[in-house]
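Working notes, structure below.
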Amino acid sequence: MVRATFKLAFLAAAIVTACWAAAAQQPARPTRQPPQTVKVGNLLVRRLDFNRFKANIQKLASFGTRYVDKKGNVDARNWLQSELQSFGYTVERHKFEIGGIEVDSVYTTKIGTRHPDKMYIISAHMDSNNYDSPDRSFAPGANDDASGSSIILEAARVLAAADVRSEYSIRFIFWNAEEQGMVGASSYVRDRRGSQGVESPRGSGRYPEPTWLGMIQHDMMMFDHGLPPGPRQIPGADVDIEYAAGQDFGGKAIELANVFLRANPQYATDYPAQVGDAMQQTDSAPFAPYTAAISLRENRRGAEIGMGSNPNHHRSTDTYENYRDEDFRLGFNALQMTVGAISELAVVSSASPIR
């Protein structure tokens with residue numbers, strides 16, 4: 001009996017060891033076949049820089065905290081502005097108040113050559129939070145949401161190239177105070193929705209707030225380790241595209257989500273995508289009553305992230321060092337998909353040959 005018990009215990013230990021070994025030595029995801037038809041978006045996607053994408057996340061996390069009332073938040077905004085200016089953009093700020101202090105969101109616009117009065121918004125939130133730090137003096141937010149901010153920054157860089165034109169305008173926004181209840185995005189909607197498509201000054205050909213054709217938010221882009229989460233990216237890891245059921249803007253949000261879904265195999269090199277109808281708790285939500293609004297995430301916000309799929313969410317462990325290349329690669333695939341989809345939606349062209 002003792003010998004049988006020992007054998008069973010040994011067998012159980014061996015099974016557990018084998019399972020953990022399998023998780024630690026997960027086979028590489030097979031590389032996708034290149035698309036049959038090469039589009040302008042593929043040219044732009046090839047210009048994206050994986051190491052630069054990672055470096056942007058590392059830089060934003062290095063501010064220590066980007067909580068709305070901290071110096072790190074100010075420093076991060078100023079760094080984002082300097083990066084955008086180095087690409088050749090004119091940078092603007094949308095100011096609002098929270099808790100008695102004035103803060104702002106950072107944005108810039110690539111002006112459309114044929115339709116400067118209409119635009120697509122691609123965005124992320126640049127602030128961070130950490131429930132482990134009572135005064136929020138340490139809130140690195142590498143995944144939440146330096147990962148999304150890096151997507152917007154790298155997309156802006158590639159689309160700023162001198163040989164790239166877009167028929168429709170594209171606005172790149174880094175929201176502030178998302179962690180306090182999407183305050184920055186809500187303030188923007190409140191202040192700007194009534195001035196869409198208005199030429200100012202009249203006859204100038206300038207449109208401070210082009211009409212919103214669609215809003216695409218990127219929030220927490222790197223960690224799909226299953227539920228409960230394991231040590232590695234799961235074989236079924238994907239990019240989640242979500243719209244809000246009941247607030248789909250006459251079906252336009254569903255159409256926009258499906259544009260991104262179709263863009264995935266055309267432009268993303270490693271990870272697939274799926275569409276869901278439960279968009280919530282991110283900066284696209286205030287836009288949903290007024291335009292087609294979707295969010296891109298690592299997992300569904302309510303059914304997975306809200307149930308504990310990411311143990312680093314709002315924690316001290318959300319540091320750059322706690323993610324592997326396979327995690328960064330998931331975020332990079334979302335970047336590829338966004339650049340490709342936006343190139344189609346905004347009718348982007350390039351003077352360079354498409355090969």
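Residue numbering restarts at 1 for every chain of the structure tokens, chains are lettered A, B, ... in their displayed order, and ligands are numbered from 1 as they appear.
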DSSP on the backbone, then: every residue of region 140-271 of chain A marked helix (DSSP H, G or I), written as a PyMOL selection string.
chain A and resi 142-159+178-180+183-195+252-267
Per-residue nearest contacts of region 31-75 of chain A to region 123-129 of chain A (8 Å; only C-alpha atoms) as CSV:
```
residue,atom,partner,partner_atom,distance
A:Thr65,CA,A:Ser128,CA,6.6
A:Arg66,CA,A:Asp127,CA,4.8
A:Tyr67,CA,A:Ser128,CA,5.0
A:Val68,CA,A:Asp127,CA,6.2
A:Asn73,CA,A:Asp127,CA,6.5
```
Report as an NGL selection string all protein, DNA and RNA residues lying within 9 Å of region 146-151 of chain A, evaluated on only C-alpha atoms, omitting residues in the same chain fewer than 6 positions from it.
:A and (52-61 or 123-128 or 140 or 173-174 or 217-222 or 296-297 or 328 or 331-332 or 334-336 or 338)
Which distance in Å separates CA of Gly230 (chain A) and CA of Arg136 (chain A), to one decimal?
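A separation of 27.3 Å between them.
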Quick one: of A:Glu178, A:Glu242, A:Glu321, A:Glu255, who's nearest to Gly302 (chain A), counting only C-alpha atoms?
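Going through A:Glu178, A:Glu242, A:Glu321, A:Glu255 one by one, the smallest distance to Gly302 (chain A) is for A:Glu242.
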Tell me, in Å to one decimal, how far CA of Phe172 (chain A) is from CA of Ser343 (chain A).
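Straight-line distance from CA of Phe172 (chain A) to CA of Ser343 (chain A) works out to 13.8 Å.
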Can you list, as a ChimeraX atom specification, every protein, DNA or RNA residue that comes within 9 Å of Asp248 (chain A) when you count only C-alpha atoms, leaving out same-chain residues fewer than 5 positions away?
/A:243,253-254,277,288-289,291-294
Residues within 10 Å of Pro229 (chain A), only C-alpha atoms, excluding chain neighbours under 3 positions, as number ranges by chain:
A: 223-226, 232-234, 304, 308-311
I need the strand (DSSP E or B) residues of region 40-202 of chain A per DSSP on the backbone, written as a ChimeraX atom specification.
/A:65,91-98,101-110,115-125,139,164-166,168-175
What's the 12 Å shell around Asn176 (chain A), counting only C-alpha atoms, without same-chain residues fewer than 4 positions away, as an NGL selection string?
:A and (66-70 or 73-74 or 76-77 or 93-98 or 102-107 or 123-129 or 145 or 149 or 180-188 or 282-283)
Can you spit out the residues from that selection as a tab-separated table (two decimals), in the first residue's frame, using N, CA and C atoms?
```tsv
chain	number	residue	atom	x	y	z
A	66	ARG	N	2.61	57.82	-13.89
A	66	ARG	CA	1.97	58.80	-14.78
A	66	ARG	C	0.57	59.10	-14.23
A	67	TYR	N	0.41	58.92	-12.92
A	67	TYR	CA	-0.86	59.24	-12.28
A	67	TYR	C	-1.15	60.72	-12.52
A	68	VAL	N	-2.41	61.05	-12.66
A	68	VAL	CA	-2.81	62.34	-13.22
A	68	VAL	C	-2.23	63.55	-12.49
A	69	ASP	N	-2.04	63.47	-11.17
A	69	ASP	CA	-1.59	64.65	-10.44
A	69	ASP	C	-0.10	64.61	-10.08
A	70	LYS	N	0.65	63.73	-10.74
A	70	LYS	CA	2.07	63.57	-10.43
A	70	LYS	C	2.95	64.20	-11.51
A	73	ASN	N	3.42	62.42	-14.80
A	73	ASN	CA	2.39	62.62	-15.81
A	73	ASN	C	2.75	63.80	-16.70
A	74	VAL	N	3.20	64.90	-16.08
A	74	VAL	CA	3.62	66.09	-16.84
A	74	VAL	C	4.81	65.74	-17.73
A	76	ALA	N	5.74	62.85	-18.89
A	76	ALA	CA	5.34	61.94	-19.97
A	76	ALA	C	4.65	62.70	-21.09
A	77	ARG	N	3.77	63.63	-20.74
A	77	ARG	CA	3.10	64.43	-21.77
A	77	ARG	C	4.10	65.25	-22.57
A	93	ARG	N	-2.96	70.61	-27.32
A	93	ARG	CA	-3.41	70.08	-26.02
A	93	ARG	C	-4.89	70.40	-25.84
A	94	HIS	N	-5.62	69.45	-25.29
A	94	HIS	CA	-6.99	69.72	-24.89
A	94	HIS	C	-7.03	69.79	-23.37
A	95	LYS	N	-7.31	70.97	-22.85
A	95	LYS	CA	-7.26	71.22	-21.42
A	95	LYS	C	-8.60	70.91	-20.75
A	96	PHE	N	-8.53	70.43	-19.51
A	96	PHE	CA	-9.71	70.19	-18.70
A	96	PHE	C	-9.29	70.19	-17.24
A	97	GLU	N	-10.24	70.22	-16.35
A	97	GLU	CA	-9.97	70.22	-14.92
A	97	GLU	C	-10.38	68.91	-14.27
A	98	ILE	N	-9.59	68.49	-13.29
A	98	ILE	CA	-9.95	67.33	-12.49
A	98	ILE	C	-9.39	67.56	-11.09
A	102	GLU	N	-5.72	71.85	-13.39
A	102	GLU	CA	-5.86	71.83	-14.85
A	102	GLU	C	-4.81	70.90	-15.44
A	103	VAL	N	-5.27	69.97	-16.25
A	103	VAL	CA	-4.39	69.04	-16.96
A	103	VAL	C	-4.81	69.04	-18.43
A	104	ASP	N	-4.19	68.19	-19.23
A	104	ASP	CA	-4.57	68.14	-20.64
A	104	ASP	C	-4.24	66.79	-21.25
A	105	SER	N	-4.89	66.52	-22.37
A	105	SER	CA	-4.55	65.41	-23.25
A	105	SER	C	-3.75	65.95	-24.42
A	106	VAL	N	-2.88	65.13	-24.96
A	106	VAL	CA	-1.98	65.53	-26.04
A	106	VAL	C	-2.49	64.94	-27.35
A	107	TYR	N	-2.51	65.75	-28.41
A	107	TYR	CA	-2.94	65.20	-29.70
A	107	TYR	C	-2.28	65.92	-30.87
A	123	SER	N	-6.31	56.27	-30.67
A	123	SER	CA	-5.93	56.82	-29.38
A	123	SER	C	-5.57	55.75	-28.36
A	124	ALA	N	-5.00	56.23	-27.25
A	124	ALA	CA	-4.69	55.43	-26.08
A	124	ALA	C	-4.67	56.38	-24.89
A	125	HIS	N	-4.62	55.86	-23.68
A	125	HIS	CA	-4.47	56.77	-22.55
A	125	HIS	C	-3.04	56.71	-22.02
A	126	MET	N	-2.50	57.89	-21.71
A	126	MET	CA	-1.10	57.98	-21.30
A	126	MET	C	-0.90	57.95	-19.80
A	127	ASP	N	-1.97	58.04	-19.01
A	127	ASP	CA	-1.83	58.05	-17.56
A	127	ASP	C	-1.80	56.62	-17.03
A	128	SER	N	-1.50	56.47	-15.73
A	128	SER	CA	-1.38	55.14	-15.14
A	128	SER	C	-1.95	55.14	-13.73
A	129	ASN	N	-2.05	53.93	-13.15
A	129	ASN	CA	-2.59	53.78	-11.80
A	129	ASN	C	-1.95	52.56	-11.16
A	145	ASP	N	-1.14	52.14	-19.58
A	145	ASP	CA	-1.39	51.83	-20.98
A	145	ASP	C	-0.24	52.34	-21.84
A	149	SER	N	-0.21	53.48	-25.80
A	149	SER	CA	0.40	54.75	-26.19
A	149	SER	C	1.53	54.54	-27.19
A	180	GLN	N	-9.35	57.89	-13.88
A	180	GLN	CA	-10.34	58.51	-12.99
A	180	GLN	C	-11.75	58.42	-13.55
A	181	GLY	N	-11.92	57.64	-14.59
A	181	GLY	CA	-13.25	57.48	-15.18
A	181	GLY	C	-13.37	58.14	-16.54
A	182	MET	N	-12.30	58.02	-17.34
A	182	MET	CA	-12.31	58.53	-18.73
A	182	MET	C	-12.61	60.03	-18.76
A	183	VAL	N	-12.03	60.76	-17.81
A	183	VAL	CA	-12.34	62.18	-17.67
A	183	VAL	C	-11.85	62.97	-18.87
A	184	GLY	N	-10.62	62.68	-19.34
A	184	GLY	CA	-10.08	63.41	-20.48
A	184	GLY	C	-10.90	63.22	-21.74
A	185	ALA	N	-11.24	61.98	-22.05
A	185	ALA	CA	-12.03	61.69	-23.25
A	185	ALA	C	-13.44	62.26	-23.12
A	186	SER	N	-14.03	62.14	-21.95
A	186	SER	CA	-15.38	62.66	-21.74
A	186	SER	C	-15.41	64.18	-21.89
A	187	SER	N	-14.38	64.86	-21.38
A	187	SER	CA	-14.30	66.31	-21.51
A	187	SER	C	-14.14	66.72	-22.97
A	188	TYR	N	-13.35	65.95	-23.70
A	188	TYR	CA	-13.14	66.22	-25.12
A	188	TYR	C	-14.47	66.09	-25.88
A	282	THR	N	-13.18	52.28	-21.12
A	282	THR	CA	-12.02	52.87	-21.79
A	282	THR	C	-12.48	54.08	-22.58
A	283	ASP	N	-11.55	54.81	-23.16
A	283	ASP	CA	-11.85	56.15	-23.67
A	283	ASP	C	-12.72	56.18	-24.93
```
What's the separation between CA of Ala351 (chain A) and CA of Asp163 (chain A), in Å to one decimal place?
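Computing the Euclidean distance for CA of Ala351 (chain A) and CA of Asp163 (chain A) yields 5.1 Å.
Using only C-alpha atoms for every distance, the candidate list A:Ile121, A:Val40, A:Leu213, A:Ala142 yields A:Ala142 as the residue closest to His314 (chain A).
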